[in-house]
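Coordinates from my_file_15.txt are shown below (compact mmCIF, C-alpha atoms).
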```txt
# COMPACT_ATOMS: atom_id res chain seq x y z
CA MET A 274 -58.47 8.97 -77.44
CA ALA A 275 -60.14 11.90 -75.71
CA ALA A 276 -59.24 12.66 -72.15
CA LEU A 277 -61.66 12.17 -69.32
CA SER A 278 -62.73 15.73 -68.66
CA ALA A 279 -63.99 16.78 -65.21
CA SER A 280 -65.73 19.86 -66.59
CA LEU A 281 -67.55 17.81 -69.22
CA ILE A 282 -68.71 15.32 -66.57
CA TRP A 283 -69.98 18.14 -64.37
CA ASP A 284 -71.76 19.84 -67.31
CA LEU A 285 -73.46 16.56 -68.25
CA THR A 286 -74.51 16.00 -64.63
CA LYS A 287 -76.05 19.50 -64.39
CA ARG A 288 -77.76 19.02 -67.75
CA ASP A 289 -79.08 15.63 -66.58
CA PHE A 290 -80.85 17.28 -63.64
CA ALA A 291 -82.09 20.15 -65.82
CA GLU A 292 -83.45 17.78 -68.51
CA ARG A 293 -85.12 15.53 -65.99
CA PHE A 294 -87.34 18.34 -64.73
CA ALA A 295 -87.36 20.53 -67.88
CA GLY A 296 -90.52 22.58 -68.35
CA SER A 297 -91.77 22.13 -64.78
CA ALA A 298 -92.41 25.20 -62.63
CA LEU A 299 -90.56 23.81 -59.60
CA GLY A 300 -87.57 22.61 -61.66
CA SER A 301 -84.80 21.01 -59.61
CA VAL A 302 -86.94 21.21 -56.44
CA TRP A 303 -88.47 17.96 -57.71
CA ALA A 304 -85.08 16.33 -57.10
CA PHE A 305 -85.81 16.90 -53.39
CA ILE A 306 -89.54 16.14 -53.46
CA TRP A 307 -89.17 12.66 -55.00
CA PRO A 308 -86.78 11.26 -52.34
CA LEU A 309 -88.94 12.81 -49.63
CA VAL A 310 -92.08 11.15 -50.98
CA ASN A 311 -90.27 7.80 -51.34
CA LEU A 312 -89.03 8.00 -47.76
CA PHE A 313 -92.56 8.86 -46.61
CA ILE A 314 -93.83 5.70 -48.35
CA TYR A 315 -91.12 3.51 -46.78
CA ILE A 316 -91.68 4.88 -43.28
CA VAL A 317 -95.38 5.70 -43.07
CA ILE A 318 -97.01 3.30 -45.54
CA PHE A 319 -94.81 0.23 -44.99
CA GLY A 320 -93.76 0.89 -41.40
CA LYS A 321 -96.91 2.40 -39.89
CA PHE A 322 -100.00 1.54 -41.98
CA MET A 323 -98.91 -1.93 -43.07
CA GLY A 324 -97.38 -2.56 -39.63
CA GLY A 325 -94.10 -3.93 -40.95
CA ARG A 326 -91.95 -5.21 -38.07
CA LEU A 327 -88.48 -6.68 -37.95
CA PRO A 328 -88.45 -10.13 -36.30
CA GLY A 329 -86.74 -10.00 -32.89
CA ASN A 330 -86.58 -6.20 -32.83
CA GLY A 331 -89.06 -4.26 -30.69
CA ASP A 332 -88.31 -0.85 -32.21
CA ILE A 333 -91.35 0.37 -34.14
CA TYR A 334 -89.13 2.11 -36.69
CA ALA A 335 -86.67 -0.79 -37.16
CA TYR A 336 -88.42 -2.11 -40.27
CA SER A 337 -88.74 1.39 -41.76
CA ILE A 338 -84.99 1.89 -41.33
CA TYR A 339 -84.27 -1.63 -42.62
CA LEU A 340 -86.37 -0.92 -45.72
CA SER A 341 -84.99 2.58 -46.32
CA VAL A 342 -81.30 1.65 -46.01
CA GLY A 343 -81.87 -1.19 -48.45
CA LEU A 344 -84.08 0.56 -50.99
CA ILE A 345 -82.31 3.92 -51.27
CA PRO A 346 -78.93 2.39 -52.24
CA TRP A 347 -80.60 -0.22 -54.45
CA THR A 348 -82.38 2.56 -56.38
CA ALA A 349 -79.03 4.25 -57.02
CA PHE A 350 -77.39 0.93 -57.95
CA ALA A 351 -80.13 -0.23 -60.33
CA SER A 352 -80.59 3.22 -61.93
CA THR A 353 -76.85 3.51 -62.50
CA ILE A 354 -76.66 0.15 -64.27
CA SER A 355 -79.90 0.61 -66.17
CA ARG A 356 -79.08 4.14 -67.42
CA SER A 357 -75.44 3.22 -68.12
CA SER A 358 -76.49 0.31 -70.34
CA THR A 359 -78.01 2.67 -72.92
CA VAL A 360 -75.80 5.74 -72.40
CA PHE A 361 -73.77 5.28 -75.61
CA LEU A 362 -76.99 5.06 -77.63
CA ASP A 363 -78.68 7.91 -75.74
CA LYS A 364 -75.70 10.24 -76.18
CA LYS A 365 -74.69 9.26 -79.70
CA ASN A 366 -75.37 12.81 -80.92
CA ILE A 367 -72.68 14.10 -78.51
CA ILE A 368 -70.32 11.18 -79.27
CA SER A 369 -70.52 11.79 -83.02
CA LYS A 370 -69.86 15.56 -82.70
CA VAL A 371 -67.36 15.83 -79.83
CA ASP A 372 -64.23 13.74 -79.22
CA VAL A 373 -65.50 12.61 -75.86
CA SER A 374 -64.09 9.85 -73.66
CA LEU A 375 -66.89 7.28 -73.59
CA PRO A 376 -66.34 6.08 -69.98
CA SER A 377 -66.80 9.70 -68.82
CA LEU A 378 -70.44 9.35 -69.89
CA LEU A 379 -70.81 6.61 -67.30
CA VAL A 380 -69.08 8.73 -64.69
CA PHE A 381 -71.71 11.46 -65.10
CA ILE A 382 -74.53 8.92 -64.59
CA ASN A 383 -72.77 7.61 -61.49
CA LEU A 384 -72.37 11.17 -60.20
CA SER A 385 -75.96 12.10 -60.97
CA GLU A 386 -77.33 9.02 -59.17
CA SER A 387 -74.96 9.63 -56.25
CA ILE A 388 -76.33 13.17 -55.85
CA THR A 389 -79.89 11.81 -55.78
CA PHE A 390 -78.74 9.21 -53.26
CA PHE A 391 -77.15 11.93 -51.13
CA ILE A 392 -80.38 13.99 -51.13
CA SER A 393 -82.39 10.92 -50.06
CA ASN A 394 -79.95 10.30 -47.24
CA VAL A 395 -80.23 13.86 -45.96
CA PHE A 396 -83.93 13.14 -45.37
CA LEU A 397 -83.19 9.69 -43.96
CA PHE A 398 -80.69 11.09 -41.44
CA ALA A 399 -83.18 13.86 -40.51
CA PHE A 400 -85.71 11.09 -39.80
CA LEU A 401 -83.16 9.16 -37.72
CA LEU A 402 -82.37 12.30 -35.73
CA VAL A 403 -86.00 12.94 -34.76
CA THR A 404 -86.61 9.30 -33.79
CA ASP A 405 -83.81 9.14 -31.19
CA TYR A 406 -81.83 6.72 -33.34
CA GLU A 407 -78.61 5.56 -31.70
CA PHE A 408 -75.78 6.81 -33.94
CA SER A 409 -72.48 4.93 -33.81
CA MET A 410 -69.02 5.20 -35.38
CA LYS A 411 -69.90 2.17 -37.51
CA LEU A 412 -72.01 4.51 -39.62
CA LEU A 413 -68.79 6.06 -40.95
CA LEU A 414 -68.45 2.94 -43.10
CA PHE A 415 -71.70 3.81 -44.87
CA PRO A 416 -70.14 6.03 -47.61
CA PHE A 417 -67.48 3.39 -48.26
CA ILE A 418 -70.08 0.67 -48.76
CA PHE A 419 -71.89 2.99 -51.17
CA TYR A 420 -68.62 3.77 -52.95
CA LEU A 421 -67.95 0.05 -53.43
CA GLN A 422 -71.51 -0.45 -54.64
CA GLN A 423 -71.13 2.28 -57.27
CA ILE A 424 -67.80 0.83 -58.46
CA LEU A 425 -69.61 -2.46 -59.01
CA ALA A 426 -72.41 -0.59 -60.78
CA PHE A 427 -69.82 1.21 -62.95
CA GLY A 428 -68.19 -2.07 -63.96
CA LEU A 429 -71.51 -3.73 -64.79
CA GLY A 430 -72.72 -0.54 -66.51
CA LEU A 431 -69.60 -0.30 -68.69
CA LEU A 432 -69.89 -3.97 -69.63
CA SER A 433 -73.57 -3.66 -70.58
CA ALA A 434 -73.10 -0.27 -72.31
CA THR A 435 -70.41 -1.79 -74.54
CA LEU A 436 -72.44 -4.89 -75.40
CA VAL A 437 -75.79 -3.10 -75.87
CA VAL A 438 -74.32 -1.16 -78.82
CA PHE A 439 -73.98 -4.47 -80.71
CA VAL A 440 -76.97 -6.36 -79.28
CA ARG A 441 -79.83 -3.92 -78.58
CA ASP A 442 -81.99 -6.60 -76.93
CA LEU A 443 -79.53 -6.67 -74.06
CA LYS A 444 -81.00 -3.49 -72.58
CA GLU A 445 -84.28 -5.37 -71.96
CA VAL A 446 -82.29 -8.28 -70.50
CA VAL A 447 -80.53 -5.86 -68.14
CA GLY A 448 -83.94 -4.57 -66.96
CA ILE A 449 -85.21 -8.10 -66.32
CA ILE A 450 -82.02 -9.14 -64.50
CA LEU A 451 -82.24 -6.06 -62.26
CA GLN A 452 -85.89 -6.79 -61.48
CA LEU A 453 -85.13 -10.43 -60.52
CA TRP A 454 -81.99 -9.38 -58.66
CA PHE A 455 -84.04 -6.95 -56.56
CA TRP A 456 -86.54 -9.60 -55.47
CA PHE A 457 -83.79 -12.15 -54.72
CA THR A 458 -82.08 -9.63 -52.45
CA PRO A 459 -83.43 -9.23 -48.89
CA ILE A 460 -84.36 -5.56 -49.16
CA VAL A 461 -88.11 -5.60 -48.40
CA TYR A 462 -87.99 -8.91 -46.52
CA VAL A 463 -85.53 -10.57 -44.15
CA SER A 464 -83.27 -13.32 -45.50
CA ASN A 465 -84.65 -15.90 -43.01
CA ILE A 466 -87.86 -16.27 -45.03
CA LEU A 467 -85.95 -17.58 -48.06
CA PRO A 468 -85.94 -21.35 -48.64
CA ASP A 469 -82.59 -22.89 -47.67
CA PHE A 470 -81.56 -23.80 -51.22
CA VAL A 471 -82.23 -20.22 -52.42
CA LYS A 472 -80.41 -18.74 -49.43
CA LYS A 473 -77.34 -20.89 -50.15
CA VAL A 474 -77.15 -19.29 -53.60
CA VAL A 475 -78.10 -15.66 -52.88
CA VAL A 476 -75.48 -15.24 -50.14
CA PHE A 477 -72.95 -15.10 -52.98
CA SER A 478 -74.82 -12.29 -54.72
CA PRO A 479 -72.93 -8.96 -54.55
CA ALA A 480 -76.23 -7.15 -53.91
CA PHE A 481 -76.87 -9.46 -50.95
CA ILE A 482 -73.43 -8.71 -49.46
CA ILE A 483 -73.88 -4.96 -49.93
CA THR A 484 -77.44 -4.88 -48.59
CA GLU A 485 -76.40 -7.02 -45.62
CA ALA A 486 -73.58 -4.54 -44.93
CA TYR A 487 -76.03 -1.60 -44.88
CA HIS A 488 -78.39 -3.51 -42.60
CA ARG A 489 -75.60 -4.51 -40.20
CA VAL A 490 -74.31 -0.94 -39.95
CA PHE A 491 -77.68 0.82 -39.66
CA VAL A 492 -80.08 -1.66 -38.08
CA PHE A 493 -77.95 -4.11 -36.10
CA HIS A 494 -75.18 -1.66 -35.12
CA ALA A 495 -72.50 -4.11 -36.22
CA TYR A 496 -69.55 -4.00 -38.62
CA PRO A 497 -69.98 -5.53 -42.08
CA VAL A 498 -68.50 -9.04 -42.44
CA VAL A 499 -64.84 -8.27 -43.26
CA SER A 500 -64.19 -11.34 -45.46
CA SER A 501 -67.32 -10.70 -47.58
CA MET A 502 -66.46 -7.03 -48.07
CA VAL A 503 -62.84 -7.77 -49.03
CA ILE A 504 -63.84 -10.48 -51.52
CA LEU A 505 -66.52 -8.21 -52.99
CA THR A 506 -64.04 -5.32 -53.28
CA VAL A 507 -61.66 -7.56 -55.25
CA ILE A 508 -64.49 -8.92 -57.45
CA ALA A 509 -65.84 -5.41 -58.16
CA HIS A 510 -62.40 -4.18 -59.24
CA VAL A 511 -61.62 -7.28 -61.32
CA LEU A 512 -64.97 -6.75 -63.04
CA LEU A 513 -64.18 -3.07 -63.55
CA ILE A 514 -60.76 -3.81 -65.05
CA GLY A 515 -62.24 -6.61 -67.20
CA SER A 516 -65.06 -4.34 -68.44
CA TYR A 517 -62.59 -1.57 -69.21
CA LEU A 518 -60.29 -3.95 -71.11
CA LEU A 519 -63.26 -5.23 -73.14
CA PHE A 520 -64.37 -1.66 -73.79
CA ARG A 521 -60.89 -0.63 -74.97
CA PHE A 522 -60.74 -3.70 -77.21
CA LEU A 523 -64.10 -2.84 -78.80
CA GLU A 524 -63.96 0.97 -78.58
CA LYS A 525 -63.34 1.56 -82.29
CA ASP A 526 -66.20 -0.77 -83.22
CA VAL A 527 -68.47 0.90 -80.66
CA ARG A 528 -67.82 4.31 -82.25
CA ASP A 529 -68.32 2.89 -85.76
CA PHE A 530 -71.60 1.24 -84.79
CA LEU A 531 -72.91 4.47 -83.29
CA MET B 621 -59.16 7.03 -33.55
CA GLU B 622 -61.56 5.81 -36.25
CA VAL B 623 -61.82 9.25 -37.84
CA LEU B 624 -58.06 9.75 -37.60
CA PHE B 625 -57.47 6.42 -39.33
CA LEU B 626 -59.82 7.33 -42.19
CA ILE B 627 -58.16 10.73 -42.64
CA VAL B 628 -54.61 9.29 -42.60
CA TRP B 629 -55.52 6.33 -44.83
CA THR B 630 -57.27 8.60 -47.34
CA GLY B 631 -54.35 11.05 -47.26
CA VAL B 632 -51.80 8.29 -47.92
CA PHE B 633 -53.73 6.98 -50.91
CA CYS B 634 -54.47 10.45 -52.31
CA SER B 635 -50.72 11.18 -52.22
CA ALA B 636 -49.91 7.84 -53.85
CA VAL B 637 -52.52 8.46 -56.56
CA TYR B 638 -51.24 11.99 -57.19
CA PHE B 639 -47.59 10.98 -57.56
CA SER B 640 -48.45 7.94 -59.65
CA TRP B 641 -50.65 10.08 -61.92
CA VAL B 642 -47.84 12.58 -62.46
CA LYS B 643 -45.04 10.06 -63.00
CA MET B 644 -46.71 7.19 -64.80
CA VAL B 645 -47.05 6.33 -68.47
CA LYS B 646 -50.49 7.27 -69.78
CA HIS B 647 -51.84 3.88 -70.87
CA ILE B 648 -51.31 2.07 -67.57
CA LYS B 649 -52.49 4.94 -65.33
CA VAL B 650 -56.12 3.88 -65.30
CA TYR B 651 -55.32 0.32 -64.25
CA ILE B 652 -52.95 1.47 -61.51
CA MET B 653 -55.66 3.84 -60.20
CA MET B 654 -58.12 0.93 -60.08
CA ILE B 655 -55.60 -1.18 -58.12
CA TYR B 656 -54.98 1.70 -55.69
CA ASN B 657 -58.71 2.08 -55.29
CA CYS B 658 -59.09 -1.62 -54.54
CA LEU B 659 -56.30 -1.55 -51.93
CA TYR B 660 -57.79 1.60 -50.36
CA LEU B 661 -61.20 0.00 -49.87
CA ILE B 662 -59.73 -3.32 -48.66
CA GLY B 663 -57.75 -1.35 -46.08
CA VAL B 664 -60.85 0.51 -44.90
CA PHE B 665 -62.94 -2.65 -44.55
CA MET B 666 -60.17 -4.65 -42.88
CA ILE B 667 -58.58 -2.10 -40.57
CA TYR B 668 -61.50 0.13 -39.54
CA PRO B 669 -63.33 -2.55 -37.48
CA LYS B 670 -60.15 -3.10 -35.42
CA PHE B 671 -60.73 0.27 -33.75
CA GLY B 672 -64.19 -0.73 -32.55
```
Structure rendered as structure tokens:
Amino acid sequence: MAALSASLIWDLTKRDFAERFAGSALGSVWAFIWPLVNLFIYIVIFGKFMGGRLPGNGDIYAYSIYLSVGLIPWTAFASTISRSSTVFLDKKNIISKVDVSLPSLLVFINLSESITFFISNVFLFAFLLVTDYEFSMKLLLFPFIFYLQQILAFGLGLLSATLVVFVRDLKEVVGIILQLWFWFTPIVYVSNILPDFVKKVVVFSPAFIITEAYHRVFVFHAYPVVSSMVILTVIAHVLLIGSYLLFRFLEKDVRDFL
Amino acid sequence: MEVLFLIVWTGVFCSAVYFSWVKMVKHIKVYIMMIYNCLYLIGVFMIYPKFG
């Protein structure tokens, strides 16, 4: 089996950015413009024009921050899973020509989405700085929550990428699941508005635990719930190991099918 | 203290990962790395709040 090559992953990541904006005059500058526009929508359209407010919080920017710290990571999470699910099919020309380690193709997607996430957060932190936001040491947990989130996305991505090779319809199913998952996660609304029976179920959703952790750290200046984070860390790694074992079991068939 | 903890904790795990990577048999390396990663994150989420 081919080794997981750092230089190959970096080349694929650079090419991913180049291909995304190929032919445009501004090129990679668009990678900065898109997050800026999205943040503008979250803060100005939702926070100011639509008057979104967080119940029990007098800060006029609280809802904008609540929305941004939920949506920016979710975008990275959902894009990672969605793009990973078809990566073996999308890159079959490379796979058939070069002896490439297939999981490294998922690593480059993870890296690419993490860079986009980082750019978005540069703008978010600039916004927080100009609005006299109260920074605390709890914010240092932010990259670790994101890291855990991307491990979960990697595990789910590897599982779906392996299965999509055999059942192509699964890529549409992944899209639908992500869409439903988004709306059952309190990202644009607060969890209190959910009916009790729905709330009892969604509290076990990994996306709920991760989003709640971001909200606690950024909006409520509290630590994430330790037990939830530990359980989720174990689940994410069990899923990752399980997905990798399944991938290794089916790797030869995956290559043959491609 | 929080920053010091994160630096020391990360350093300990980076060293463990490095030595394991060098010494270990190829086919179990990946799984051991995943277990290290899991322990690293559990440590961060459990220990870090104690400094607050």
Residues of chain B within 8 Å of chain A, using all atoms listed in the file, as number ranges by chain? B: 622, 651, 654-655, 658, 661-662, 664-666, 669
Please report the interatomic distance between CA of Lys444 in chain A and CA of Val342 in chain A in Å with one decimal. 27.1 Å
So which residues touch range 632-634 of chain B within 9 Å, counting all atoms listed in the file, skipping near sequence neighbours fewer than 6 positions away, as a ChimeraX atom specification? /B:656-657,659-660
So that I have them on file, write out the residues from the current selection with C-alpha atoms, as a CSV table (one decimal), in the coordinates of the input.
```csv
chain,number,residue,atom,x,y,z
B,656,TYR,CA,-55.0,1.7,-55.7
B,657,ASN,CA,-58.7,2.1,-55.3
B,659,LEU,CA,-56.3,-1.6,-51.9
B,660,TYR,CA,-57.8,1.6,-50.4
```
Rounded to one decimal in Å, what is the spacing between CA of Leu624 in chain B and CA of Lys670 in chain B? 13.2 Å
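As for CA of Leu512 in chain A and CA of Leu362 in chain A, they are spaced 22.3 Å apart.
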Which one is closest to Phe319 in chain A: A:Ser464, A:Ser337, A:Gln452, A:Asn394? Count only C-alpha atoms. A:Ser337
Go through A:Gly428, A:Gly343, A:Gly448, A:Gly329 one by one, measure the shortest atom-to-atom distance of each to Val380 in chain A using only C-alpha atoms, and give the residue with the smallest value. A:Gly428
Regenerate range 293-325 of chain A at the level of N, CA and C atoms and dump it as a short mmCIF file (atom, residue, chain, number, x, y, z; two decimals), in the coordinates of the input.
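Written out: result-v5.cif:
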```
data_model
loop_
_atom_site.label_atom_id
_atom_site.label_comp_id
_atom_site.auth_asym_id
_atom_site.auth_seq_id
_atom_site.Cartn_x
_atom_site.Cartn_y
_atom_site.Cartn_z
N ARG A 293 -84.18 16.40 -66.68
CA ARG A 293 -85.12 15.53 -65.99
C ARG A 293 -86.38 16.30 -65.57
N PHE A 294 -86.20 17.55 -65.21
CA PHE A 294 -87.34 18.34 -64.73
C PHE A 294 -87.61 19.53 -65.66
N ALA A 295 -87.19 19.42 -66.92
CA ALA A 295 -87.36 20.53 -67.88
C ALA A 295 -88.84 20.86 -68.07
N GLY A 296 -89.15 22.13 -68.09
CA GLY A 296 -90.52 22.58 -68.35
C GLY A 296 -91.39 22.66 -67.11
N SER A 297 -90.94 22.08 -65.98
CA SER A 297 -91.77 22.13 -64.78
C SER A 297 -91.49 23.42 -64.02
N ALA A 298 -92.54 23.92 -63.33
CA ALA A 298 -92.41 25.20 -62.63
C ALA A 298 -91.42 25.10 -61.47
N LEU A 299 -91.42 23.95 -60.79
CA LEU A 299 -90.56 23.81 -59.60
C LEU A 299 -89.12 23.41 -59.97
N GLY A 300 -88.92 22.94 -61.19
CA GLY A 300 -87.57 22.61 -61.66
C GLY A 300 -86.86 21.60 -60.78
N SER A 301 -85.64 21.95 -60.37
CA SER A 301 -84.80 21.01 -59.61
C SER A 301 -85.34 20.71 -58.20
N VAL A 302 -86.34 21.49 -57.76
CA VAL A 302 -86.94 21.21 -56.44
C VAL A 302 -87.51 19.79 -56.42
N TRP A 303 -87.93 19.32 -57.62
CA TRP A 303 -88.47 17.96 -57.71
C TRP A 303 -87.43 16.92 -57.31
N ALA A 304 -86.16 17.26 -57.49
CA ALA A 304 -85.08 16.33 -57.10
C ALA A 304 -85.09 16.11 -55.59
N PHE A 305 -85.70 17.04 -54.84
CA PHE A 305 -85.81 16.90 -53.39
C PHE A 305 -87.16 16.30 -53.00
N ILE A 306 -88.19 16.62 -53.80
CA ILE A 306 -89.54 16.14 -53.46
C ILE A 306 -89.64 14.63 -53.65
N TRP A 307 -89.07 14.10 -54.73
CA TRP A 307 -89.17 12.66 -55.00
C TRP A 307 -88.57 11.80 -53.87
N PRO A 308 -87.32 12.07 -53.44
CA PRO A 308 -86.78 11.26 -52.34
C PRO A 308 -87.60 11.38 -51.06
N LEU A 309 -88.14 12.59 -50.83
CA LEU A 309 -88.94 12.81 -49.63
C LEU A 309 -90.21 11.96 -49.67
N VAL A 310 -90.85 11.94 -50.83
CA VAL A 310 -92.08 11.15 -50.98
C VAL A 310 -91.75 9.65 -50.84
N ASN A 311 -90.66 9.22 -51.45
CA ASN A 311 -90.27 7.80 -51.34
C ASN A 311 -90.02 7.41 -49.88
N LEU A 312 -89.32 8.29 -49.17
CA LEU A 312 -89.03 8.00 -47.76
C LEU A 312 -90.32 7.95 -46.94
N PHE A 313 -91.25 8.85 -47.28
CA PHE A 313 -92.56 8.86 -46.61
C PHE A 313 -93.26 7.51 -46.82
N ILE A 314 -93.19 7.01 -48.05
CA ILE A 314 -93.83 5.70 -48.35
C ILE A 314 -93.17 4.60 -47.53
N TYR A 315 -91.82 4.58 -47.50
CA TYR A 315 -91.12 3.51 -46.78
C TYR A 315 -91.46 3.54 -45.28
N ILE A 316 -91.51 4.77 -44.73
CA ILE A 316 -91.68 4.88 -43.28
C ILE A 316 -93.15 4.80 -42.88
N VAL A 317 -93.98 5.61 -43.52
CA VAL A 317 -95.38 5.70 -43.07
C VAL A 317 -96.23 4.56 -43.63
N ILE A 318 -96.15 4.34 -44.95
CA ILE A 318 -97.01 3.30 -45.54
C ILE A 318 -96.57 1.90 -45.09
N PHE A 319 -95.29 1.58 -45.32
CA PHE A 319 -94.81 0.23 -44.99
C PHE A 319 -94.64 0.04 -43.47
N GLY A 320 -94.07 1.04 -42.82
CA GLY A 320 -93.76 0.89 -41.40
C GLY A 320 -94.96 1.07 -40.50
N LYS A 321 -95.78 2.09 -40.79
CA LYS A 321 -96.91 2.40 -39.89
C LYS A 321 -98.20 1.69 -40.33
N PHE A 322 -98.69 2.04 -41.55
CA PHE A 322 -100.00 1.54 -41.98
C PHE A 322 -99.99 0.02 -42.19
N MET A 323 -98.95 -0.49 -42.83
CA MET A 323 -98.91 -1.93 -43.07
C MET A 323 -98.33 -2.69 -41.86
N GLY A 324 -97.86 -1.95 -40.88
CA GLY A 324 -97.38 -2.56 -39.63
C GLY A 324 -96.17 -3.45 -39.80
N GLY A 325 -95.30 -3.11 -40.74
CA GLY A 325 -94.10 -3.93 -40.95
C GLY A 325 -93.21 -3.92 -39.71
#
```
